[in-house]
Amino acid sequence: MIRRKNALLDTALACVERGIPVRAATITGTPDSDWITDADAARTVWDVAEPPNLAVTSCPTVATWRLPRITGGYGKRLYEQERPGIWPPTMKLPDGDWITCTLQPETDLGQLATGVEYVEPGTP
């Protein structure tokens, strides 16, 4: 019997190995457990036949941002022009907004553009 690749397990393990907390979530994204920072605990949750969805949060390793539909789309196009070697994790949400991850900023960013939100640590 051929078993398909478990991308959620791979992602959870990649995150916890880099110090990014992960959390099981329902299909709608509702948190379903406590934050996990250990690879063995991640294997227990996601190495199953029907793994749960995966939530991440901002932490010292990564900053997570929510961007409005137009701002996020425009930013993605500008980033494409830079021809990056490595793309930051980016996801388009069902409402058209975007979620993206970056390194934590080194300085205070001051006032953010309208609609741009920094996802506080502990917020899925």
# chains A, B, ... in the order shown; residues from 1 in each chain; ligands from 1
$ select_by_dssp --residues "region 1-123 of chain A" --states "alpha helix (DSSP H)" --output "PyMOL selection string"
chain A and resi 7-17+39-46+69-81
$ residues_around --residues "region 88-92 of chain A" --least-positions-apart "4" --cutoff "9 Å" --atoms "only C-alpha atoms" --output "VMD selection string"
chain A and resid 69 72 76 96 to 102
$ closest_residue --among "A:Thr64, A:Thr11, A:Thr57, A:Gln104" --to "Pro31 (chain A)" --atoms "only C-alpha atoms"
A:Thr57
$ closest_atom_pairs --of "region 55-78 of chain A" --to "region 17-20 of chain A" --cutoff "8 Å" --atoms "only C-alpha atoms" --output "Markdown table"
| residue | atom | partner | partner_atom | distance |
| --- | --- | --- | --- | --- |
| A:Val56 | CA | A:Ile20 | CA | 7.1 |
| A:Thr57 | CA | A:Ile20 | CA | 7.3 |
| A:Ser58 | CA | A:Ile20 | CA | 7.6 |
| A:Cys59 | CA | A:Ile20 | CA | 6.4 |
| A:Thr61 | CA | A:Gly19 | CA | 6.4 |
| A:Val62 | CA | A:Ile20 | CA | 7.1 |
$ atom_distance --atom1 "CA of Leu54 (chain A)" --atom2 "CA of Pro94 (chain A)"
16.2 Å
